[in-house]
$ cat data-v1.txt   # compact mmCIF, C-alpha atoms
# COMPACT_ATOMS: atom_id res chain seq x y z
CA MET M 4 202.53 -262.50 -55.73
CA ALA M 5 201.76 -262.67 -59.47
CA GLN M 6 205.39 -263.52 -60.11
CA HIS M 7 205.18 -266.21 -57.47
CA SER M 8 202.18 -267.81 -59.19
CA GLN M 9 203.98 -267.89 -62.53
CA ASP M 10 206.83 -270.04 -61.24
CA LEU M 11 205.02 -272.01 -58.52
CA SER M 12 205.22 -275.23 -60.56
CA SER M 13 209.00 -274.99 -60.98
CA ARG M 14 209.53 -273.95 -57.35
CA PHE M 15 207.35 -276.85 -56.23
CA GLU M 16 209.41 -279.30 -58.30
CA GLU M 17 212.66 -277.89 -56.89
CA HIS M 18 211.24 -278.21 -53.37
CA LEU M 19 210.40 -281.88 -53.96
CA LYS M 20 213.91 -282.53 -55.26
CA LEU M 21 215.43 -280.83 -52.22
CA LYS M 22 213.29 -282.82 -49.79
CA GLN M 23 213.62 -286.08 -51.74
CA TYR M 24 210.01 -286.95 -50.94
CA PHE M 25 209.43 -289.14 -53.99
CA LYS M 26 211.21 -291.61 -56.26
CA PRO M 27 210.45 -292.50 -59.89
CA ASN M 28 207.55 -294.99 -60.20
CA ASP M 29 206.14 -294.11 -56.76
CA ARG M 30 202.46 -294.89 -56.16
CA ILE M 31 201.04 -291.74 -54.55
CA PHE M 32 197.58 -290.99 -53.21
CA VAL M 33 196.53 -287.33 -53.01
CA ALA M 34 194.07 -286.66 -50.17
CA CYS M 35 191.59 -284.30 -51.81
CA SER M 36 188.65 -282.53 -50.19
CA GLY M 37 187.80 -280.62 -53.35
CA GLY M 38 188.94 -277.36 -51.73
CA PRO M 39 191.53 -275.01 -53.26
CA ASP M 40 194.62 -276.31 -51.42
CA SER M 41 194.15 -280.01 -52.20
CA VAL M 42 193.02 -279.33 -55.78
CA ALA M 43 196.14 -277.18 -56.33
CA LEU M 44 198.30 -279.96 -54.85
CA PHE M 45 196.78 -282.51 -57.21
CA HIS M 46 197.40 -280.33 -60.30
CA LEU M 47 200.97 -279.56 -59.23
CA MET M 48 201.63 -283.28 -58.86
CA TRP M 49 199.83 -284.12 -62.11
CA GLN M 50 202.08 -281.72 -64.03
CA LEU M 51 205.11 -283.72 -62.84
CA ALA M 52 203.67 -287.24 -62.81
CA ALA M 53 204.55 -288.24 -66.38
CA ASN M 54 208.17 -287.08 -66.06
CA TYR M 55 208.71 -289.17 -62.92
CA HIS M 56 206.43 -292.08 -63.87
CA TRP M 57 204.31 -291.61 -60.77
CA LYS M 58 201.03 -293.46 -60.42
CA LEU M 59 198.57 -291.04 -58.81
CA GLY M 60 195.22 -291.68 -57.18
CA LEU M 61 192.68 -289.51 -55.34
CA LEU M 62 191.29 -290.17 -51.85
CA HIS M 63 188.23 -288.42 -50.47
CA PHE M 64 186.25 -288.78 -47.26
CA ASN M 65 182.64 -287.64 -46.80
CA HIS M 66 182.12 -286.69 -43.15
CA GLN M 67 178.33 -286.30 -43.61
CA LEU M 68 178.47 -282.96 -41.78
CA ARG M 69 177.06 -280.87 -44.64
CA PRO M 70 174.80 -283.28 -46.58
CA ALA M 71 174.24 -281.33 -49.82
CA ALA M 72 177.65 -279.63 -49.98
CA ALA M 73 179.46 -282.81 -48.94
CA LYS M 74 177.86 -284.76 -51.80
CA ARG M 75 178.83 -281.95 -54.19
CA ASP M 76 182.46 -282.11 -53.02
CA GLU M 77 182.53 -285.90 -53.36
CA LEU M 78 181.20 -285.70 -56.92
CA PHE M 79 183.69 -282.96 -57.79
CA VAL M 80 186.69 -285.07 -56.69
CA LYS M 81 185.25 -288.15 -58.40
CA ASN M 82 184.95 -286.22 -61.68
CA LEU M 83 188.47 -284.82 -61.24
CA ALA M 84 189.79 -288.39 -61.04
CA LYS M 85 187.65 -289.46 -64.00
CA LYS M 86 188.89 -286.56 -66.13
CA HIS M 87 192.52 -287.50 -65.50
CA LYS M 88 191.84 -291.25 -65.71
CA ILE M 89 193.19 -292.11 -62.28
CA ALA M 90 191.89 -294.20 -59.37
CA PHE M 91 189.37 -292.65 -56.98
CA TYR M 92 188.42 -294.02 -53.57
CA CYS M 93 185.81 -292.45 -51.32
CA GLY M 94 184.92 -293.25 -47.73
CA SER M 95 182.16 -291.86 -45.54
CA GLY M 96 181.02 -291.92 -41.95
CA ASN M 97 178.65 -290.26 -39.54
CA VAL M 98 181.18 -288.12 -37.68
CA THR M 99 178.62 -286.45 -35.40
CA ARG M 100 177.31 -289.78 -34.11
CA GLU M 101 180.80 -291.26 -33.73
CA ALA M 102 182.08 -288.18 -31.85
CA LYS M 103 179.24 -288.50 -29.34
CA ARG M 104 179.94 -292.20 -28.91
CA GLU M 105 183.68 -291.63 -28.40
CA LYS M 106 183.09 -288.48 -26.27
CA THR M 107 185.50 -286.47 -28.39
CA SER M 108 185.32 -283.34 -30.53
CA ILE M 109 183.87 -283.42 -34.04
CA GLU M 110 187.16 -282.13 -35.46
CA GLU M 111 189.25 -284.84 -33.77
CA CYS M 112 186.79 -287.58 -34.67
CA ALA M 113 186.61 -286.44 -38.31
CA ARG M 114 190.38 -286.47 -38.55
CA LYS M 115 190.67 -289.97 -37.09
CA MET M 116 187.98 -291.44 -39.35
CA ARG M 117 189.49 -289.75 -42.40
CA TYR M 118 193.04 -290.93 -41.71
CA ASP M 119 191.93 -294.46 -40.82
CA PHE M 120 190.18 -294.73 -44.19
CA PHE M 121 193.12 -293.28 -46.14
CA LEU M 122 195.61 -295.66 -44.54
CA ARG M 123 193.35 -298.67 -45.03
CA VAL M 124 192.98 -297.98 -48.77
CA ALA M 125 196.70 -297.26 -49.19
CA HIS M 126 197.55 -300.62 -47.64
CA GLN M 127 194.95 -302.46 -49.71
CA LYS M 128 196.01 -300.88 -53.01
CA LYS M 129 199.74 -300.97 -52.22
CA PHE M 130 200.31 -297.21 -52.45
CA SER M 131 203.38 -296.18 -50.44
CA LYS M 132 202.68 -292.43 -50.07
CA ILE M 133 199.69 -290.30 -49.11
CA ILE M 134 200.11 -286.55 -49.55
CA PHE M 135 198.14 -283.80 -47.83
CA ALA M 136 197.71 -280.15 -48.75
CA HIS M 137 198.64 -278.45 -45.47
CA THR M 138 200.19 -275.05 -46.19
CA GLN M 139 202.42 -272.54 -44.44
CA ASP M 140 199.23 -270.82 -43.21
CA ASP M 141 197.97 -274.09 -41.68
CA GLN M 142 201.31 -274.51 -39.93
CA ALA M 143 201.15 -270.98 -38.48
CA GLU M 144 197.55 -271.50 -37.29
CA THR M 145 198.46 -274.81 -35.64
CA VAL M 146 201.47 -273.36 -33.80
CA LEU M 147 199.51 -270.33 -32.60
CA MET M 148 196.56 -272.46 -31.48
CA ARG M 149 198.87 -274.70 -29.44
CA ILE M 150 200.61 -271.70 -27.86
CA LEU M 151 197.22 -270.33 -26.81
CA GLN M 152 196.18 -273.69 -25.36
CA GLY M 153 199.52 -274.23 -23.61
CA THR M 154 202.20 -276.43 -25.10
CA GLY M 155 205.76 -277.68 -24.87
CA LEU M 156 208.37 -278.46 -27.50
CA ARG M 157 206.31 -281.20 -29.11
CA GLY M 158 203.37 -278.86 -29.57
CA LEU M 159 205.65 -276.30 -31.20
CA SER M 160 206.66 -278.97 -33.70
CA GLY M 161 203.37 -278.19 -35.40
CA ILE M 162 202.37 -280.18 -38.48
CA ARG M 163 205.04 -282.69 -39.45
CA GLU M 164 206.25 -282.77 -43.04
CA LYS M 165 206.79 -286.53 -42.98
CA THR M 166 205.07 -289.19 -40.88
CA PRO M 167 205.98 -292.85 -41.41
CA MET M 168 203.01 -295.16 -40.74
CA GLY M 169 204.39 -298.64 -41.32
CA ARG M 170 204.56 -299.30 -45.06
CA VAL M 171 202.84 -295.99 -45.84
CA THR M 172 204.36 -292.54 -45.44
CA LEU M 173 202.24 -289.41 -44.96
CA LEU M 174 203.73 -286.32 -46.60
CA ARG M 175 202.84 -282.64 -46.62
CA PRO M 176 204.79 -281.07 -49.50
CA LEU M 177 203.02 -277.68 -49.40
CA LEU M 178 204.16 -276.54 -45.94
CA ALA M 179 206.67 -274.19 -47.58
CA PHE M 180 203.95 -272.47 -49.65
CA THR M 181 201.14 -270.06 -48.74
CA LYS M 182 197.44 -270.27 -49.49
CA LYS M 183 197.74 -267.06 -51.51
CA GLU M 184 200.30 -268.68 -53.78
CA LEU M 185 198.02 -271.65 -54.36
CA LEU M 186 194.99 -269.46 -55.07
CA CYS M 187 197.05 -267.44 -57.53
CA PHE M 188 198.13 -270.67 -59.25
CA LEU M 189 194.50 -271.85 -59.53
CA THR M 190 193.36 -268.51 -60.90
CA GLN M 191 196.19 -268.33 -63.43
CA HIS M 192 195.40 -271.82 -64.76
CA ARG M 193 191.61 -271.35 -64.49
CA ILE M 194 191.26 -274.40 -62.30
CA ARG M 195 187.93 -274.92 -60.57
CA TYR M 196 187.58 -275.99 -56.93
CA CYS M 197 184.94 -276.19 -54.20
CA THR M 198 184.47 -273.82 -51.29
CA ASP M 199 183.50 -274.98 -47.81
CA ASN M 200 181.36 -272.42 -45.99
CA SER M 201 182.10 -274.11 -42.65
CA ASN M 202 185.64 -272.72 -42.96
CA ARG M 203 184.10 -269.31 -42.26
CA SER M 204 182.24 -270.43 -39.14
CA LEU M 205 183.55 -268.79 -35.97
CA ARG M 206 182.29 -271.78 -33.98
CA PHE M 207 185.68 -273.48 -34.48
CA ILE M 208 188.76 -272.15 -32.71
CA ARG M 209 191.01 -272.66 -35.75
CA ASN M 210 188.66 -270.54 -37.87
CA ARG M 211 188.63 -267.78 -35.25
CA ILE M 212 192.42 -267.80 -35.20
CA ARG M 213 192.61 -267.64 -39.01
CA ILE M 214 189.83 -265.11 -39.60
CA LYS M 215 190.20 -262.77 -36.62
CA LEU M 216 193.35 -263.27 -34.55
CA ILE M 217 196.08 -263.66 -37.20
CA PRO M 218 194.96 -260.64 -39.30
CA SER M 219 194.83 -258.54 -36.11
CA LEU M 220 198.34 -259.62 -35.07
CA GLN M 221 199.64 -259.03 -38.59
CA ARG M 222 198.16 -255.55 -38.67
CA ASP M 223 199.23 -254.44 -35.20
CA TYR M 224 202.43 -256.40 -34.46
CA ASN M 225 204.07 -258.37 -37.26
CA PRO M 226 203.04 -258.32 -40.94
CA ARG M 227 205.16 -261.45 -41.49
CA LEU M 228 203.51 -263.37 -38.65
CA VAL M 229 202.58 -266.43 -40.74
CA GLU M 230 206.16 -266.85 -41.92
CA THR M 231 207.51 -266.29 -38.40
CA LEU M 232 205.16 -268.80 -36.74
CA SER M 233 205.64 -271.42 -39.45
CA ARG M 234 209.40 -271.23 -38.86
CA LEU M 235 209.09 -272.31 -35.21
CA PRO M 236 208.71 -276.06 -35.94
CA THR M 237 211.99 -276.00 -37.86
CA ILE M 238 213.74 -274.21 -35.00
CA VAL M 239 212.62 -276.72 -32.36
CA ALA M 240 212.98 -279.83 -34.56
CA GLU M 241 216.53 -280.71 -33.49
CA GLU M 242 215.77 -280.22 -29.79
CA ASN M 243 212.73 -282.44 -30.21
CA GLU M 244 214.77 -285.15 -31.90
CA LEU M 245 217.24 -285.10 -29.02
CA PHE M 246 214.45 -285.39 -26.44
CA SER M 247 212.87 -288.25 -28.40
CA GLU M 248 216.16 -290.16 -28.36
CA LEU M 249 216.58 -289.56 -24.62
CA GLU M 250 212.97 -290.64 -24.06
CA ALA M 251 213.55 -293.92 -25.92
CA ILE M 252 216.65 -294.66 -23.82
CA ALA M 253 214.87 -293.75 -20.58
CA TRP M 254 211.86 -295.92 -21.50
CA ARG M 255 214.06 -298.98 -21.97
CA LYS M 256 215.68 -298.40 -18.55
CA VAL M 257 212.53 -297.70 -16.59
CA PHE M 258 209.96 -299.97 -18.27
CA LYS M 259 208.85 -303.02 -16.30
CA ARG M 260 205.68 -304.36 -17.95
CA CYS M 261 202.57 -303.47 -19.94
CA ASP M 262 199.48 -305.63 -20.26
CA GLY M 263 197.17 -303.37 -22.27
CA SER M 264 195.39 -301.85 -19.28
CA LYS M 265 198.42 -301.13 -17.10
CA VAL M 266 201.97 -299.82 -17.53
CA GLU M 267 204.55 -300.29 -14.77
CA PHE M 268 207.86 -298.44 -14.31
CA ARG M 269 210.70 -299.09 -11.87
CA ARG M 270 210.21 -296.32 -9.34
CA ALA M 271 213.84 -295.86 -8.24
CA ILE M 272 215.02 -295.41 -11.84
CA PHE M 273 212.03 -293.23 -12.81
CA LEU M 274 212.64 -290.76 -9.97
CA LYS M 275 216.28 -290.28 -11.02
CA PHE M 276 215.27 -288.81 -14.38
CA PRO M 277 214.81 -285.04 -14.77
CA ALA M 278 211.22 -283.79 -14.73
CA PRO M 279 210.93 -283.21 -18.53
CA LEU M 280 211.80 -286.86 -19.16
CA GLN M 281 209.44 -288.06 -16.44
CA PHE M 282 206.67 -286.06 -18.12
CA ARG M 283 207.36 -287.67 -21.50
CA LEU M 284 207.47 -291.17 -20.01
CA VAL M 285 204.13 -290.73 -18.25
CA GLU M 286 202.54 -289.26 -21.39
CA LYS M 287 203.83 -292.15 -23.51
CA ALA M 288 202.35 -294.62 -21.03
CA LEU M 289 199.01 -292.79 -21.11
CA ARG M 290 198.89 -292.99 -24.91
CA LYS M 291 199.60 -296.70 -24.77
CA LEU M 292 196.48 -297.10 -22.64
CA ASP M 293 194.35 -294.64 -24.62
CA LYS M 294 195.48 -292.94 -27.83
CA GLN M 295 193.22 -289.98 -27.08
CA SER M 296 194.77 -289.44 -23.68
CA GLY M 297 197.42 -286.90 -22.73
CA LEU M 298 198.95 -285.08 -19.79
CA SER M 299 198.02 -281.45 -19.18
CA PHE M 300 200.33 -279.03 -17.37
CA ASP M 301 197.99 -278.87 -14.36
CA ALA M 302 197.77 -282.66 -14.10
CA TRP M 303 201.56 -282.93 -14.31
CA GLU M 304 201.99 -280.37 -11.54
CA ARG M 305 199.67 -282.42 -9.31
CA LEU M 306 201.69 -285.56 -10.01
CA ARG M 307 204.98 -283.84 -9.23
CA LEU M 308 203.70 -282.73 -5.83
CA GLY M 309 203.18 -286.36 -4.84
CA MET M 310 206.44 -287.76 -6.22
CA ASN M 311 208.28 -287.61 -2.87
CA ARG M 312 205.64 -289.66 -1.05
CA LYS M 313 206.04 -293.37 -0.38
CA ARG M 314 202.55 -294.06 -1.69
CA TYR M 315 200.51 -291.75 -3.87
CA ARG M 316 197.55 -291.95 -6.24
CA CYS M 317 196.09 -289.40 -8.65
CA SER M 318 193.20 -289.66 -11.12
CA LEU M 319 193.75 -288.55 -14.73
CA PRO M 320 191.36 -288.11 -17.69
CA LYS M 321 190.05 -291.09 -19.71
CA ASP M 322 189.50 -293.17 -16.52
CA ILE M 323 193.23 -293.57 -15.93
CA ASP M 324 194.97 -293.50 -12.53
CA PHE M 325 198.59 -292.79 -11.66
CA ALA M 326 199.92 -294.60 -8.57
CA LEU M 327 203.22 -294.69 -6.70
CA THR M 328 204.17 -297.70 -4.60
CA PRO M 329 207.48 -298.21 -2.75
CA LYS M 330 208.88 -300.08 -5.79
CA ASN M 331 206.82 -299.11 -8.81
CA VAL M 332 205.13 -296.34 -10.77
CA ILE M 333 201.83 -297.75 -12.04
CA ILE M 334 199.63 -296.11 -14.68
CA TYR M 335 196.44 -298.06 -15.21
CA LYS M 336 193.02 -297.94 -16.80
CA LYS M 337 190.29 -298.15 -14.18
CA LYS M 338 187.69 -300.87 -14.61
CA ARG M 339 184.23 -299.48 -15.29
CA PRO M 340 181.31 -300.94 -13.33
CA ALA M 341 179.51 -303.71 -15.22
$ encode --input "data-v1.txt" --output "structure tokens"
Amino acid sequence: MAQHSQDLSSRFEEHLKLKQYFKPNDRIFVACSGGPDSVALFHLMWQLAANYHWKLGLLHFNHQLRPAAAKRDELFVKNLAKKHKIAFYCGSGNVTREAKREKTSIEECARKMRYDFFLRVAHQKKFSKIIFAHTQDDQAETVLMRILQGTGLRGLSGIREKTPMGRVTLLRPLLAFTKKELLCFLTQHRIRYCTDNSNRSLRFIRNRIRIKLIPSLQRDYNPRLVETLSRLPTIVAEENELFSELEAIAWRKVFKRCDGSKVEFRRAIFLKFPAPLQFRLVEKALRKLDKQSGLSFDAWERLRLGMNRKRYRCSLPKDIDFALTPKNVIIYKKKRPA
């Protein structure tokens, strides 16, 4: 691993060239929590910035979950930006309160608030790229967590390397590198970073997977488990692309109308599609009505049982109903009592 740390910078540069993530003169925001992964990402990018004429900036979001430590992290990232004379933008929000209001998990709410802020600043400041420090370990944890919770091909896609969001592209250039490599790089260059004690809390499923499950599986079954799991998204990527293309074609054929609270499909055409495509069409409709919605395996099995009936109705999460009529498939948001 020592050898790996010595040439991480050059391997990182070669990786960027291979992936063609960036162009000369790009304006790039680094999402930085102050933790080891994002601090390492910033320094790796900073080493290359002058050669490629990149304009870098740092983004940070204070979730107000750990008052004293969160303020420390914010100040650390602010000082990092000041030291390197680059732009720094910080957002904050009461994640606990917002999660209760939205009836969602703290983790999901924190992610949404963080990404909303990052994208808003990138648009305002005309930065075209935002980069995140997800590693090979994060990819393995994500894939394993989704397997445990039950998933299909899209779940096995894991963390995407590249996500276009209009004029801004989200990139994760460290997915080919491990946390150990980054820690070795930081140690070698005597680079300071912050530690988040909540990452050791077994209250969160991801932490339990990282701290307890993965080491156990590595010890008893496969010492290269992280590498093996992180390879799965690459293996299923082409199949996923094919399904996405078929889904887009099917949507155009079956779609009838959408008014914000209701999506209608042509029943006769919908029922001709194979079940995997029907599943994707219904899930896409659900997300149009509520971005937090989705279709579980159990809910899909219930829907399939009623597909051969002339009329059928089934309630889904997020106050959404699925209904079959002789001519249409209707997915609609129920009206709440005034």
$ atom_distance --input "data-v1.txt" --atom1 "CA of Ile212 (chain M)" --atom2 "CA of Leu232 (chain M)"
12.9 Å
$ atom_distance --input "data-v1.txt" --atom1 "CA of Ala302 (chain M)" --atom2 "CA of Arg234 (chain M)"
29.6 Å
$ closest_residue --input "data-v1.txt" --among "M:Arg255, M:Arg206, M:Phe300, M:Ser318" --to "Gln152 (chain M)" --atoms "only C-alpha atoms"
M:Phe300
$ residues_around --input "data-v1.txt" --residues "Tyr335 (chain M)" --least-positions-apart "3" --cutoff "8 Å" --atoms "all atoms listed in the file" --output "VMD selection string"
chain M and resid 264 to 266 292 323 to 325
$ atom_distance --input "data-v1.txt" --atom1 "CA of Arg163 (chain M)" --atom2 "CA of His192 (chain M)"
29.2 Å
$ axis_aligned_box --input "data-v1.txt" --around "region 132-144 of chain M" --padding-each-side "8 Å" --output "AutoDock Vina command-line options"
--center_x 200.1 --center_y -281.6 --center_z -43.7 --size_x 21.1 --size_y 37.6 --size_z 28.8
$ residues_around --input "data-v1.txt" --residues "Leu44 (chain M)" --least-positions-apart "2" --cutoff "10 Å" --atoms "all atoms listed in the file" --output "list in words"
Phe15, Val33, Ala34, Cys35, Pro39, Asp40, Ser41, Val42, His46, Leu47, Met48, Trp49, Ile134, Phe135, Ala136, His137, Arg175, Pro176, Leu177 and Leu185 of chain M
$ residues_around --input "data-v1.txt" --residues "Gly263 (chain M)" --least-positions-apart "3" --cutoff "12 Å" --atoms "all atoms listed in the file" --output "VMD selection string"
chain M and resid 260 266 to 267 288 to 294 334 to 337
$ closest_residue --input "data-v1.txt" --among "M:Leu151, M:Leu274, M:Leu284, M:Val229" --to "Asn311 (chain M)" --atoms "all atoms listed in the file"
M:Leu274
$ closest_residue --input "data-v1.txt" --among "M:Ile238, M:Val257, M:Ile252, M:Ala43" --to "Leu11 (chain M)" --atoms "all atoms listed in the file"
M:Ala43
$ residues_around --input "data-v1.txt" --residues "Gly96 (chain M)" --least-positions-apart "4" --cutoff "8 Å" --atoms "all atoms listed in the file" --output "list in words"
Asn65, His66, Gln67 and Met116 of chain M
$ residues_around --input "data-v1.txt" --residues "Lys182 (chain M)" --least-positions-apart "2" --cutoff "7 Å" --atoms "all atoms listed in the file" --output "list in words"
Asp40, Thr138, Asp140, Phe180, Glu184, Leu185 and Leu186 of chain M
$ residues_near_point --input "data-v1.txt" --point "(197.8, -271.2, -30.7)" --cutoff "12 Å" --atoms "only C-alpha atoms" --output "list in words"
Asp141, Gln142, Ala143, Glu144, Thr145, Val146, Leu147, Met148, Arg149, Ile150, Leu151, Gln152, Gly153, Thr154, Gly155, Gly158, Leu159, Gly161, Ile208, Arg209, Asn210, Arg211, Ile212, Arg213, Leu216, Ile217, Leu232 and Ser233 of chain M
$ build_atoms --input "data-v1.txt" --residues "region 80-93 of chain M" --atoms "N, CA and C atoms" --output "PDB file, keeping the file's coordinate frame"
ATOM      1  N   VAL M  80     185.414-284.331 -56.729  1.00  0.00           N
ATOM      2  CA  VAL M  80     186.690-285.070 -56.690  1.00  0.00           C
ATOM      3  C   VAL M  80     186.599-286.325 -57.561  1.00  0.00           C
ATOM      4  N   LYS M  81     185.447-286.974 -57.552  1.00  0.00           N
ATOM      5  CA  LYS M  81     185.250-288.150 -58.400  1.00  0.00           C
ATOM      6  C   LYS M  81     185.424-287.790 -59.870  1.00  0.00           C
ATOM      7  N   ASN M  82     184.840-286.672 -60.288  1.00  0.00           N
ATOM      8  CA  ASN M  82     184.950-286.220 -61.680  1.00  0.00           C
ATOM      9  C   ASN M  82     186.374-285.789 -62.018  1.00  0.00           C
ATOM     10  N   LEU M  83     187.075-285.215 -61.040  1.00  0.00           N
ATOM     11  CA  LEU M  83     188.470-284.820 -61.240  1.00  0.00           C
ATOM     12  C   LEU M  83     189.313-286.067 -61.556  1.00  0.00           C
ATOM     13  N   ALA M  84     189.075-287.134 -60.803  1.00  0.00           N
ATOM     14  CA  ALA M  84     189.790-288.390 -61.040  1.00  0.00           C
ATOM     15  C   ALA M  84     189.424-288.980 -62.400  1.00  0.00           C
ATOM     16  N   LYS M  85     188.127-288.923 -62.722  1.00  0.00           N
ATOM     17  CA  LYS M  85     187.650-289.460 -64.000  1.00  0.00           C
ATOM     18  C   LYS M  85     188.267-288.718 -65.176  1.00  0.00           C
ATOM     19  N   LYS M  86     188.333-287.388 -65.064  1.00  0.00           N
ATOM     20  CA  LYS M  86     188.890-286.560 -66.130  1.00  0.00           C
ATOM     21  C   LYS M  86     190.346-286.907 -66.408  1.00  0.00           C
ATOM     22  N   HIS M  87     191.101-287.211 -65.344  1.00  0.00           N
ATOM     23  CA  HIS M  87     192.520-287.500 -65.500  1.00  0.00           C
ATOM     24  C   HIS M  87     192.808-289.010 -65.545  1.00  0.00           C
ATOM     25  N   LYS M  88     191.739-289.797 -65.554  1.00  0.00           N
ATOM     26  CA  LYS M  88     191.840-291.250 -65.710  1.00  0.00           C
ATOM     27  C   LYS M  88     192.738-291.885 -64.638  1.00  0.00           C
ATOM     28  N   ILE M  89     192.453-291.528 -63.400  1.00  0.00           N
ATOM     29  CA  ILE M  89     193.190-292.110 -62.280  1.00  0.00           C
ATOM     30  C   ILE M  89     192.215-292.704 -61.271  1.00  0.00           C
ATOM     31  N   ALA M  90     192.732-293.521 -60.364  1.00  0.00           N
ATOM     32  CA  ALA M  90     191.890-294.200 -59.370  1.00  0.00           C
ATOM     33  C   ALA M  90     191.291-293.202 -58.385  1.00  0.00           C
ATOM     34  N   PHE M  91     190.068-293.488 -57.961  1.00  0.00           N
ATOM     35  CA  PHE M  91     189.370-292.650 -56.980  1.00  0.00           C
ATOM     36  C   PHE M  91     188.744-293.562 -55.933  1.00  0.00           C
ATOM     37  N   TYR M  92     188.994-293.240 -54.663  1.00  0.00           N
ATOM     38  CA  TYR M  92     188.420-294.020 -53.570  1.00  0.00           C
ATOM     39  C   TYR M  92     187.792-293.053 -52.565  1.00  0.00           C
ATOM     40  N   CYS M  93     186.547-293.344 -52.225  1.00  0.00           N
ATOM     41  CA  CYS M  93     185.810-292.450 -51.320  1.00  0.00           C
ATOM     42  C   CYS M  93     185.287-293.231 -50.124  1.00  0.00           C
TER      43      CYS M  93
END
